[in-house]
$ cat final_26.cif   # mmCIF, N, CA and C atoms
data_input
loop_
_atom_site.label_atom_id
_atom_site.label_comp_id
_atom_site.auth_asym_id
_atom_site.auth_seq_id
_atom_site.Cartn_x
_atom_site.Cartn_y
_atom_site.Cartn_z
N MET F 1 -32.92 6.44 -9.95
CA MET F 1 -32.64 6.20 -11.34
C MET F 1 -31.32 5.41 -11.45
N ASN F 2 -31.37 4.24 -12.07
CA ASN F 2 -30.21 3.36 -12.18
C ASN F 2 -29.40 3.61 -13.44
N LEU F 3 -28.11 3.31 -13.34
CA LEU F 3 -27.23 3.31 -14.50
C LEU F 3 -27.40 1.97 -15.21
N THR F 4 -27.77 2.00 -16.47
CA THR F 4 -27.84 0.78 -17.26
C THR F 4 -26.68 0.82 -18.22
N PHE F 5 -25.77 -0.16 -18.10
CA PHE F 5 -24.55 -0.13 -18.87
C PHE F 5 -24.72 -0.82 -20.22
N ASN F 6 -24.05 -0.27 -21.22
CA ASN F 6 -24.01 -0.87 -22.54
C ASN F 6 -22.95 -1.97 -22.52
N VAL F 7 -23.37 -3.19 -22.26
CA VAL F 7 -22.43 -4.29 -22.09
C VAL F 7 -21.73 -4.65 -23.41
N GLU F 8 -22.31 -4.29 -24.53
CA GLU F 8 -21.67 -4.56 -25.82
C GLU F 8 -20.46 -3.66 -26.03
N ARG F 9 -20.38 -2.54 -25.31
CA ARG F 9 -19.26 -1.61 -25.48
C ARG F 9 -18.23 -1.76 -24.37
N LEU F 10 -18.33 -2.79 -23.55
CA LEU F 10 -17.33 -3.03 -22.51
C LEU F 10 -16.10 -3.65 -23.15
N LEU F 11 -15.00 -2.91 -23.16
CA LEU F 11 -13.77 -3.40 -23.76
C LEU F 11 -12.97 -4.25 -22.79
N LEU F 12 -13.36 -4.23 -21.53
CA LEU F 12 -12.71 -5.01 -20.49
C LEU F 12 -13.77 -5.86 -19.79
N PRO F 13 -13.35 -6.90 -19.08
CA PRO F 13 -14.32 -7.76 -18.38
C PRO F 13 -14.86 -7.09 -17.10
N VAL F 14 -15.56 -5.98 -17.27
CA VAL F 14 -16.14 -5.25 -16.14
C VAL F 14 -17.25 -6.12 -15.55
N SER F 15 -17.15 -6.40 -14.26
CA SER F 15 -18.09 -7.30 -13.62
C SER F 15 -19.41 -6.61 -13.28
N VAL F 16 -20.42 -7.42 -13.10
CA VAL F 16 -21.71 -6.93 -12.63
C VAL F 16 -21.54 -6.35 -11.22
N ASP F 17 -20.63 -6.93 -10.44
CA ASP F 17 -20.38 -6.43 -9.09
C ASP F 17 -19.91 -4.98 -9.11
N LEU F 18 -19.00 -4.64 -10.03
CA LEU F 18 -18.55 -3.25 -10.13
C LEU F 18 -19.70 -2.36 -10.59
N GLN F 19 -20.47 -2.82 -11.54
CA GLN F 19 -21.62 -2.05 -12.01
C GLN F 19 -22.60 -1.80 -10.85
N ASP F 20 -22.80 -2.82 -10.02
CA ASP F 20 -23.70 -2.68 -8.86
C ASP F 20 -23.15 -1.67 -7.86
N VAL F 21 -21.84 -1.70 -7.59
CA VAL F 21 -21.23 -0.74 -6.67
C VAL F 21 -21.42 0.67 -7.19
N LEU F 22 -21.17 0.88 -8.48
CA LEU F 22 -21.32 2.22 -9.06
C LEU F 22 -22.77 2.68 -8.97
N ASN F 23 -23.71 1.79 -9.23
CA ASN F 23 -25.13 2.14 -9.09
C ASN F 23 -25.46 2.54 -7.66
N MET F 24 -24.94 1.80 -6.70
CA MET F 24 -25.19 2.10 -5.29
C MET F 24 -24.64 3.48 -4.92
N VAL F 25 -23.39 3.76 -5.35
CA VAL F 25 -22.76 5.04 -5.04
C VAL F 25 -23.53 6.19 -5.68
N VAL F 26 -23.88 6.05 -6.93
CA VAL F 26 -24.61 7.12 -7.64
C VAL F 26 -25.99 7.30 -7.03
N ASP F 27 -26.64 6.19 -6.68
CA ASP F 27 -27.97 6.27 -6.07
C ASP F 27 -27.93 7.03 -4.75
N ARG F 28 -26.88 6.79 -3.96
CA ARG F 28 -26.73 7.49 -2.67
C ARG F 28 -26.44 8.98 -2.83
N SER F 29 -25.83 9.36 -3.96
CA SER F 29 -25.45 10.76 -4.15
C SER F 29 -26.61 11.63 -4.59
N HIS F 30 -27.65 11.03 -5.15
CA HIS F 30 -28.83 11.76 -5.63
C HIS F 30 -28.49 12.81 -6.68
N LYS F 31 -27.40 12.60 -7.43
CA LYS F 31 -27.00 13.59 -8.44
C LYS F 31 -27.43 13.21 -9.85
N LEU F 32 -27.93 12.01 -10.02
CA LEU F 32 -28.29 11.55 -11.36
C LEU F 32 -29.70 12.01 -11.71
N THR F 33 -29.81 12.73 -12.81
CA THR F 33 -31.12 13.15 -13.33
C THR F 33 -31.23 12.65 -14.77
N SER F 34 -32.39 12.78 -15.35
CA SER F 34 -32.56 12.32 -16.73
C SER F 34 -31.71 13.12 -17.71
N SER F 35 -31.29 14.32 -17.33
CA SER F 35 -30.47 15.14 -18.24
C SER F 35 -28.97 14.96 -18.02
N THR F 36 -28.58 14.17 -17.02
CA THR F 36 -27.16 13.93 -16.76
C THR F 36 -26.54 13.17 -17.93
N GLN F 37 -25.42 13.68 -18.43
CA GLN F 37 -24.75 13.06 -19.58
C GLN F 37 -23.42 12.40 -19.21
N SER F 38 -22.82 12.81 -18.09
CA SER F 38 -21.58 12.17 -17.67
C SER F 38 -21.39 12.34 -16.17
N LEU F 39 -20.66 11.40 -15.59
CA LEU F 39 -20.39 11.38 -14.16
C LEU F 39 -18.93 11.04 -13.91
N VAL F 40 -18.37 11.63 -12.87
CA VAL F 40 -17.05 11.23 -12.40
C VAL F 40 -17.23 10.79 -10.95
N ILE F 41 -16.77 9.58 -10.66
CA ILE F 41 -16.88 9.03 -9.31
C ILE F 41 -15.46 8.87 -8.76
N ASN F 42 -15.20 9.51 -7.64
CA ASN F 42 -13.89 9.46 -6.99
C ASN F 42 -13.98 8.66 -5.69
N PHE F 43 -13.07 7.73 -5.54
CA PHE F 43 -12.94 6.93 -4.33
C PHE F 43 -11.61 7.30 -3.69
N ARG F 44 -11.66 7.78 -2.43
CA ARG F 44 -10.42 8.21 -1.76
C ARG F 44 -10.33 7.67 -0.35
N ASP F 45 -9.11 7.35 0.04
CA ASP F 45 -8.76 7.02 1.41
C ASP F 45 -8.07 8.28 1.93
N SER F 46 -8.73 9.02 2.82
CA SER F 46 -8.19 10.31 3.27
C SER F 46 -6.85 10.18 4.00
N SER F 47 -6.51 8.98 4.46
CA SER F 47 -5.24 8.81 5.16
C SER F 47 -4.10 8.44 4.20
N TYR F 48 -4.41 8.24 2.92
CA TYR F 48 -3.37 7.87 1.95
C TYR F 48 -2.37 9.00 1.79
N SER F 49 -1.08 8.65 1.90
CA SER F 49 -0.03 9.65 1.71
C SER F 49 1.22 8.97 1.16
N ALA F 50 2.13 9.79 0.67
CA ALA F 50 3.39 9.25 0.14
C ALA F 50 4.21 8.59 1.25
N GLU F 51 4.11 9.13 2.46
CA GLU F 51 4.91 8.63 3.58
C GLU F 51 4.36 7.33 4.17
N SER F 52 3.05 7.26 4.35
CA SER F 52 2.48 6.11 5.05
C SER F 52 1.72 5.14 4.15
N GLY F 53 1.55 5.48 2.87
CA GLY F 53 0.83 4.58 1.97
C GLY F 53 -0.66 4.62 2.22
N GLY F 54 -1.31 3.53 1.91
CA GLY F 54 -2.75 3.44 2.05
C GLY F 54 -3.37 2.98 0.73
N TYR F 55 -4.64 3.22 0.59
CA TYR F 55 -5.37 2.78 -0.59
C TYR F 55 -5.33 3.89 -1.64
N HIS F 56 -4.91 3.53 -2.84
CA HIS F 56 -4.78 4.49 -3.93
C HIS F 56 -6.13 5.13 -4.28
N PRO F 57 -6.12 6.42 -4.58
CA PRO F 57 -7.35 7.06 -5.09
C PRO F 57 -7.70 6.47 -6.46
N VAL F 58 -8.98 6.32 -6.71
CA VAL F 58 -9.48 5.79 -7.98
C VAL F 58 -10.54 6.73 -8.51
N GLU F 59 -10.47 7.00 -9.81
CA GLU F 59 -11.46 7.86 -10.46
C GLU F 59 -12.06 7.10 -11.63
N ILE F 60 -13.39 7.12 -11.72
CA ILE F 60 -14.11 6.43 -12.79
C ILE F 60 -15.03 7.44 -13.46
N ARG F 61 -14.91 7.56 -14.78
CA ARG F 61 -15.79 8.47 -15.52
C ARG F 61 -16.71 7.65 -16.41
N LEU F 62 -18.00 7.97 -16.34
CA LEU F 62 -19.02 7.31 -17.14
C LEU F 62 -19.69 8.33 -18.04
N VAL F 63 -20.05 7.92 -19.25
CA VAL F 63 -20.69 8.80 -20.21
C VAL F 63 -21.96 8.12 -20.71
N LYS F 64 -23.00 8.92 -20.83
CA LYS F 64 -24.28 8.40 -21.31
C LYS F 64 -24.33 8.49 -22.84
N THR F 65 -24.67 7.37 -23.46
CA THR F 65 -24.86 7.34 -24.91
C THR F 65 -26.27 6.80 -25.16
N GLY F 66 -27.15 7.69 -25.58
CA GLY F 66 -28.55 7.30 -25.70
C GLY F 66 -29.12 7.08 -24.31
N GLU F 67 -29.64 5.89 -24.07
CA GLU F 67 -30.19 5.55 -22.75
C GLU F 67 -29.22 4.73 -21.90
N LEU F 68 -28.09 4.37 -22.49
CA LEU F 68 -27.14 3.48 -21.81
C LEU F 68 -25.88 4.23 -21.41
N TRP F 69 -25.18 3.69 -20.41
CA TRP F 69 -23.94 4.28 -19.90
C TRP F 69 -22.76 3.44 -20.36
N VAL F 70 -21.65 4.12 -20.67
CA VAL F 70 -20.40 3.45 -21.03
C VAL F 70 -19.29 4.00 -20.15
N PHE F 71 -18.26 3.20 -19.97
CA PHE F 71 -17.09 3.63 -19.23
C PHE F 71 -16.23 4.49 -20.15
N ASP F 72 -15.80 5.64 -19.66
CA ASP F 72 -14.87 6.49 -20.40
C ASP F 72 -13.46 6.15 -19.95
N TYR F 73 -13.24 6.12 -18.62
CA TYR F 73 -11.94 5.70 -18.10
C TYR F 73 -12.08 5.24 -16.65
N ILE F 74 -11.10 4.45 -16.24
CA ILE F 74 -10.90 4.06 -14.85
C ILE F 74 -9.42 4.32 -14.58
N THR F 75 -9.14 5.20 -13.61
CA THR F 75 -7.75 5.57 -13.32
C THR F 75 -7.44 5.36 -11.85
N ASP F 76 -6.31 4.73 -11.59
CA ASP F 76 -5.80 4.46 -10.25
C ASP F 76 -4.54 5.33 -10.09
N PHE F 77 -4.53 6.17 -9.06
CA PHE F 77 -3.43 7.10 -8.84
C PHE F 77 -2.53 6.63 -7.70
N SER F 78 -1.27 7.07 -7.73
CA SER F 78 -0.37 6.80 -6.60
C SER F 78 0.67 7.92 -6.53
N TYR F 79 1.29 8.02 -5.35
CA TYR F 79 2.36 8.98 -5.18
C TYR F 79 3.66 8.41 -5.75
N VAL F 80 4.41 9.26 -6.47
CA VAL F 80 5.67 8.86 -7.08
C VAL F 80 6.66 10.01 -6.89
N GLY F 81 7.92 9.66 -6.65
CA GLY F 81 8.97 10.66 -6.60
C GLY F 81 9.45 10.95 -5.20
N TYR F 82 10.71 11.38 -5.15
CA TYR F 82 11.32 11.75 -3.89
C TYR F 82 12.28 12.88 -4.18
N PRO F 83 12.38 13.91 -3.43
CA PRO F 83 11.79 14.14 -2.12
C PRO F 83 10.43 14.83 -2.18
N TYR F 84 9.96 15.14 -3.39
CA TYR F 84 8.68 15.84 -3.53
C TYR F 84 7.71 14.97 -4.33
N PRO F 85 7.06 14.03 -3.65
CA PRO F 85 6.18 13.10 -4.36
C PRO F 85 4.98 13.81 -4.98
N GLU F 86 4.57 13.30 -6.14
CA GLU F 86 3.41 13.82 -6.83
C GLU F 86 2.42 12.68 -7.04
N LEU F 87 1.14 13.02 -7.05
CA LEU F 87 0.10 12.04 -7.35
C LEU F 87 0.01 11.91 -8.87
N VAL F 88 0.25 10.71 -9.38
CA VAL F 88 0.26 10.47 -10.82
C VAL F 88 -0.61 9.25 -11.16
N LYS F 89 -0.92 9.12 -12.43
CA LYS F 89 -1.67 7.95 -12.90
C LYS F 89 -0.76 6.73 -12.85
N GLU F 90 -1.13 5.75 -12.03
CA GLU F 90 -0.35 4.52 -12.00
C GLU F 90 -0.91 3.52 -13.00
N VAL F 91 -2.24 3.45 -13.05
CA VAL F 91 -2.93 2.56 -13.97
C VAL F 91 -4.07 3.36 -14.58
N ASP F 92 -4.17 3.30 -15.92
CA ASP F 92 -5.23 4.05 -16.60
C ASP F 92 -5.84 3.17 -17.68
N PHE F 93 -7.10 2.81 -17.50
CA PHE F 93 -7.85 2.08 -18.50
C PHE F 93 -8.70 3.11 -19.24
N ASP F 94 -8.28 3.48 -20.43
CA ASP F 94 -8.95 4.53 -21.20
C ASP F 94 -9.82 3.87 -22.27
N PHE F 95 -11.09 3.71 -21.96
CA PHE F 95 -12.02 3.03 -22.85
C PHE F 95 -12.22 3.83 -24.14
N SER F 96 -12.23 5.16 -24.04
CA SER F 96 -12.52 5.97 -25.22
C SER F 96 -11.40 5.90 -26.26
N SER F 97 -10.14 5.73 -25.81
CA SER F 97 -9.03 5.60 -26.77
C SER F 97 -8.71 4.14 -27.07
N GLY F 98 -9.24 3.22 -26.24
CA GLY F 98 -8.94 1.80 -26.43
C GLY F 98 -7.56 1.41 -25.94
N LEU F 99 -6.99 2.23 -25.02
CA LEU F 99 -5.64 1.97 -24.54
C LEU F 99 -5.60 1.83 -23.02
N ALA F 100 -4.66 1.06 -22.56
CA ALA F 100 -4.37 0.96 -21.13
C ALA F 100 -2.94 1.41 -20.93
N GLN F 101 -2.73 2.18 -19.88
CA GLN F 101 -1.38 2.68 -19.61
C GLN F 101 -1.01 2.34 -18.18
N PHE F 102 0.22 1.87 -18.02
CA PHE F 102 0.74 1.50 -16.71
C PHE F 102 2.01 2.30 -16.47
N LEU F 103 2.17 2.82 -15.27
CA LEU F 103 3.32 3.64 -14.93
C LEU F 103 4.63 2.95 -15.33
N TYR F 104 5.49 3.70 -15.99
CA TYR F 104 6.81 3.24 -16.43
C TYR F 104 6.76 2.16 -17.52
N GLN F 105 5.62 2.04 -18.19
CA GLN F 105 5.50 1.08 -19.29
C GLN F 105 4.85 1.75 -20.49
N PHE F 106 4.90 1.08 -21.60
CA PHE F 106 4.25 1.58 -22.81
C PHE F 106 2.75 1.36 -22.72
N GLU F 107 2.02 2.10 -23.54
CA GLU F 107 0.58 1.88 -23.64
C GLU F 107 0.34 0.53 -24.31
N GLU F 108 -0.75 -0.09 -23.91
CA GLU F 108 -1.15 -1.37 -24.49
C GLU F 108 -2.59 -1.24 -24.99
N SER F 109 -2.95 -2.05 -25.96
CA SER F 109 -4.34 -2.10 -26.39
C SER F 109 -5.19 -2.61 -25.23
N ILE F 110 -6.31 -1.97 -25.00
CA ILE F 110 -7.17 -2.35 -23.88
C ILE F 110 -7.77 -3.75 -24.11
N THR F 111 -7.73 -4.23 -25.34
CA THR F 111 -8.28 -5.55 -25.64
C THR F 111 -7.24 -6.66 -25.55
N ASP F 112 -5.99 -6.32 -25.23
CA ASP F 112 -4.93 -7.31 -25.08
C ASP F 112 -5.25 -8.24 -23.92
N GLU F 113 -4.98 -9.51 -24.09
CA GLU F 113 -5.28 -10.52 -23.07
C GLU F 113 -4.60 -10.20 -21.73
N ARG F 114 -3.36 -9.71 -21.80
CA ARG F 114 -2.64 -9.37 -20.56
C ARG F 114 -3.31 -8.22 -19.82
N VAL F 115 -3.85 -7.27 -20.57
CA VAL F 115 -4.57 -6.16 -19.96
C VAL F 115 -5.84 -6.68 -19.30
N HIS F 116 -6.55 -7.60 -19.96
CA HIS F 116 -7.76 -8.18 -19.38
C HIS F 116 -7.44 -8.91 -18.09
N GLU F 117 -6.36 -9.68 -18.08
CA GLU F 117 -5.97 -10.41 -16.87
C GLU F 117 -5.63 -9.44 -15.74
N PHE F 118 -4.86 -8.41 -16.07
CA PHE F 118 -4.51 -7.42 -15.05
C PHE F 118 -5.75 -6.69 -14.56
N TYR F 119 -6.63 -6.30 -15.49
CA TYR F 119 -7.84 -5.59 -15.10
C TYR F 119 -8.67 -6.43 -14.13
N SER F 120 -8.84 -7.70 -14.42
CA SER F 120 -9.65 -8.57 -13.55
C SER F 120 -9.08 -8.62 -12.14
N MET F 121 -7.75 -8.72 -12.04
CA MET F 121 -7.11 -8.72 -10.73
C MET F 121 -7.29 -7.35 -10.05
N TRP F 122 -7.08 -6.27 -10.80
CA TRP F 122 -7.22 -4.92 -10.25
C TRP F 122 -8.66 -4.71 -9.75
N GLU F 123 -9.64 -5.09 -10.57
CA GLU F 123 -11.04 -4.88 -10.17
C GLU F 123 -11.39 -5.69 -8.93
N SER F 124 -10.93 -6.92 -8.86
CA SER F 124 -11.19 -7.76 -7.69
C SER F 124 -10.65 -7.10 -6.42
N ASN F 125 -9.42 -6.59 -6.50
CA ASN F 125 -8.83 -5.89 -5.35
C ASN F 125 -9.64 -4.64 -5.01
N PHE F 126 -9.98 -3.85 -6.01
CA PHE F 126 -10.74 -2.62 -5.80
C PHE F 126 -12.07 -2.92 -5.10
N LEU F 127 -12.78 -3.93 -5.58
CA LEU F 127 -14.07 -4.28 -4.97
C LEU F 127 -13.88 -4.75 -3.52
N SER F 128 -12.78 -5.44 -3.24
CA SER F 128 -12.48 -5.84 -1.86
C SER F 128 -12.27 -4.62 -0.99
N TYR F 129 -11.56 -3.62 -1.50
CA TYR F 129 -11.31 -2.39 -0.73
C TYR F 129 -12.62 -1.65 -0.48
N VAL F 130 -13.50 -1.61 -1.47
CA VAL F 130 -14.81 -0.97 -1.29
C VAL F 130 -15.58 -1.70 -0.20
N GLU F 131 -15.59 -3.02 -0.26
CA GLU F 131 -16.30 -3.84 0.72
C GLU F 131 -15.75 -3.64 2.13
N MET F 132 -14.42 -3.38 2.23
CA MET F 132 -13.78 -3.16 3.53
C MET F 132 -13.96 -1.72 4.02
N ASP F 133 -14.67 -0.89 3.25
CA ASP F 133 -14.83 0.54 3.57
C ASP F 133 -13.49 1.26 3.65
N ALA F 134 -12.56 0.87 2.77
CA ALA F 134 -11.24 1.50 2.75
C ALA F 134 -11.31 2.95 2.25
N PHE F 135 -12.32 3.24 1.44
CA PHE F 135 -12.47 4.59 0.90
C PHE F 135 -13.47 5.36 1.75
N ASP F 136 -12.95 6.31 2.52
CA ASP F 136 -13.84 7.08 3.40
C ASP F 136 -14.35 8.35 2.74
N GLU F 137 -13.89 8.63 1.53
CA GLU F 137 -14.39 9.77 0.77
C GLU F 137 -14.78 9.27 -0.61
N ILE F 138 -16.07 9.21 -0.86
CA ILE F 138 -16.57 8.79 -2.18
C ILE F 138 -17.45 9.94 -2.68
N GLU F 139 -17.05 10.47 -3.83
CA GLU F 139 -17.73 11.66 -4.34
C GLU F 139 -18.16 11.45 -5.78
N VAL F 140 -19.39 11.88 -6.07
CA VAL F 140 -19.91 11.82 -7.45
C VAL F 140 -20.05 13.25 -7.94
N THR F 141 -19.46 13.50 -9.11
CA THR F 141 -19.53 14.82 -9.72
C THR F 141 -20.17 14.68 -11.10
N VAL F 142 -21.14 15.53 -11.35
CA VAL F 142 -21.77 15.59 -12.66
C VAL F 142 -20.95 16.57 -13.48
N ASP F 143 -20.43 16.12 -14.63
CA ASP F 143 -19.64 17.05 -15.44
C ASP F 143 -20.18 17.17 -16.84
#
$ encode --input "final_26.cif" --output "structure tokens"
Amino acid sequence: MNLTFNVERLLLPVSVDLQDVLNMVVDRSHKLTSSTQSLVINFRDSSYSAESGGYHPVEIRLVKTGELWVFDYITDFSYVGYPYPELVKEVDFDFSSGLAQFLYQFEESITDERVHEFYSMWESNFLSYVEMDAFDEIEVTVD
């Protein structure tokens, strides 16, 4: 069963490539049923740490509206702080509130041109990391 996205409700230039990756991941997990109303997909590099770096964990939540799926949020986490680093939201594209938040900056409208430019760059990098198999832990949770 494939995720069919409501492209009219995409507030950011989400590519077909990202939609295809999400479909592939969900298809492999076998967790999608006709009664599923929302999904959280986590991409993790198990070697990522505050000390040695690595690929940031990414979480994507999708919600079903009618027969179509919409993005609820895309969040990129990173370690911050010394001497006791914590995993915090570095980049958060919150589709449901229409806001994008960047660490140490103010919230911006998700429809702002600068947010779109940043999102396109972020997504391109993320898809490259997926293609490189940088994320060795990919988990789909039905919530």
$ select_by_dssp --input "final_26.cif" --residues "region 21-62 of chain F" --states "strand (DSSP E or B)" --output "ChimeraX atom specification"
/F:38-44,49,53,58-62
$ atom_distance --input "final_26.cif" --atom1 "atom C of Thr33 (chain F)" --atom2 "CA of Pro57 (chain F)"
26.4 Å
$ axis_aligned_box --input "final_26.cif" --around "region 26-37 of chain F" --padding-each-side "8 Å" --output "lines of an AutoDock Vina configuration file"
center_x = -28.0
center_y = 10.6
center_z = -11.1
size_x = 25.1
size_y = 25.1
size_z = 32.9
$ select_by_dssp --input "final_26.cif" --residues "region 6-138 of chain F" --states "helix (DSSP H, G or I)" --output "VMD selection string"
chain F and resid 7 to 9 16 to 29 113 to 131
$ atom_distance --input "final_26.cif" --atom1 "CA of Leu87 (chain F)" --atom2 "CA of Met132 (chain F)"
23.3 Å
$ residues_near_point --input "final_26.cif" --point "(-24.4, 4.6, -24.7)" --cutoff "10 Å" --atoms "only C-alpha atoms" --output "list of chain:residue names"
F:Thr4, F:Phe5, F:Asn6, F:Val7, F:Glu8, F:Arg9, F:Gln37, F:Leu62, F:Val63, F:Lys64, F:Thr65, F:Gly66, F:Glu67, F:Leu68, F:Trp69, F:Val70, F:Phe71
$ resolve_selection --input "final_26.cif" --expression "the PyMOL selection byres (((chain F and resi 90-106 and name CA) around 12) and name CA)" --output "ChimeraX atom specification"
/F:9-14,56-63,70-80,86-89,107-116,118-120,122-123
$ decode --input "final_26.cif" --residues "region 75-95 of chain F" --atoms "C-alpha atoms" --output "compact mmCIF listing (two decimals), in the first residue's frame"
# COMPACT_ATOMS: atom_id res chain seq x y z
CA THR F 75 12.74 17.60 12.30
CA ASP F 76 16.54 17.38 12.20
CA PHE F 77 18.20 16.90 15.61
CA SER F 78 21.73 17.58 16.80
CA TYR F 79 23.74 17.53 20.00
CA VAL F 80 24.19 20.91 21.69
CA GLY F 81 25.90 21.98 24.90
CA TYR F 82 28.99 21.32 26.90
CA PRO F 83 29.92 19.49 29.10
CA TYR F 84 26.57 17.66 29.04
CA PRO F 85 25.32 17.73 25.45
CA GLU F 86 21.64 17.20 24.77
CA LEU F 87 19.89 16.14 21.58
CA VAL F 88 17.77 19.12 20.48
CA LYS F 89 15.81 20.25 17.44
CA GLU F 90 18.26 21.99 15.12
CA VAL F 91 15.86 22.40 12.22
CA ASP F 92 12.09 21.95 12.45
CA PHE F 93 9.72 22.31 9.51
CA ASP F 94 6.30 22.27 11.18
CA PHE F 95 3.73 21.97 8.42
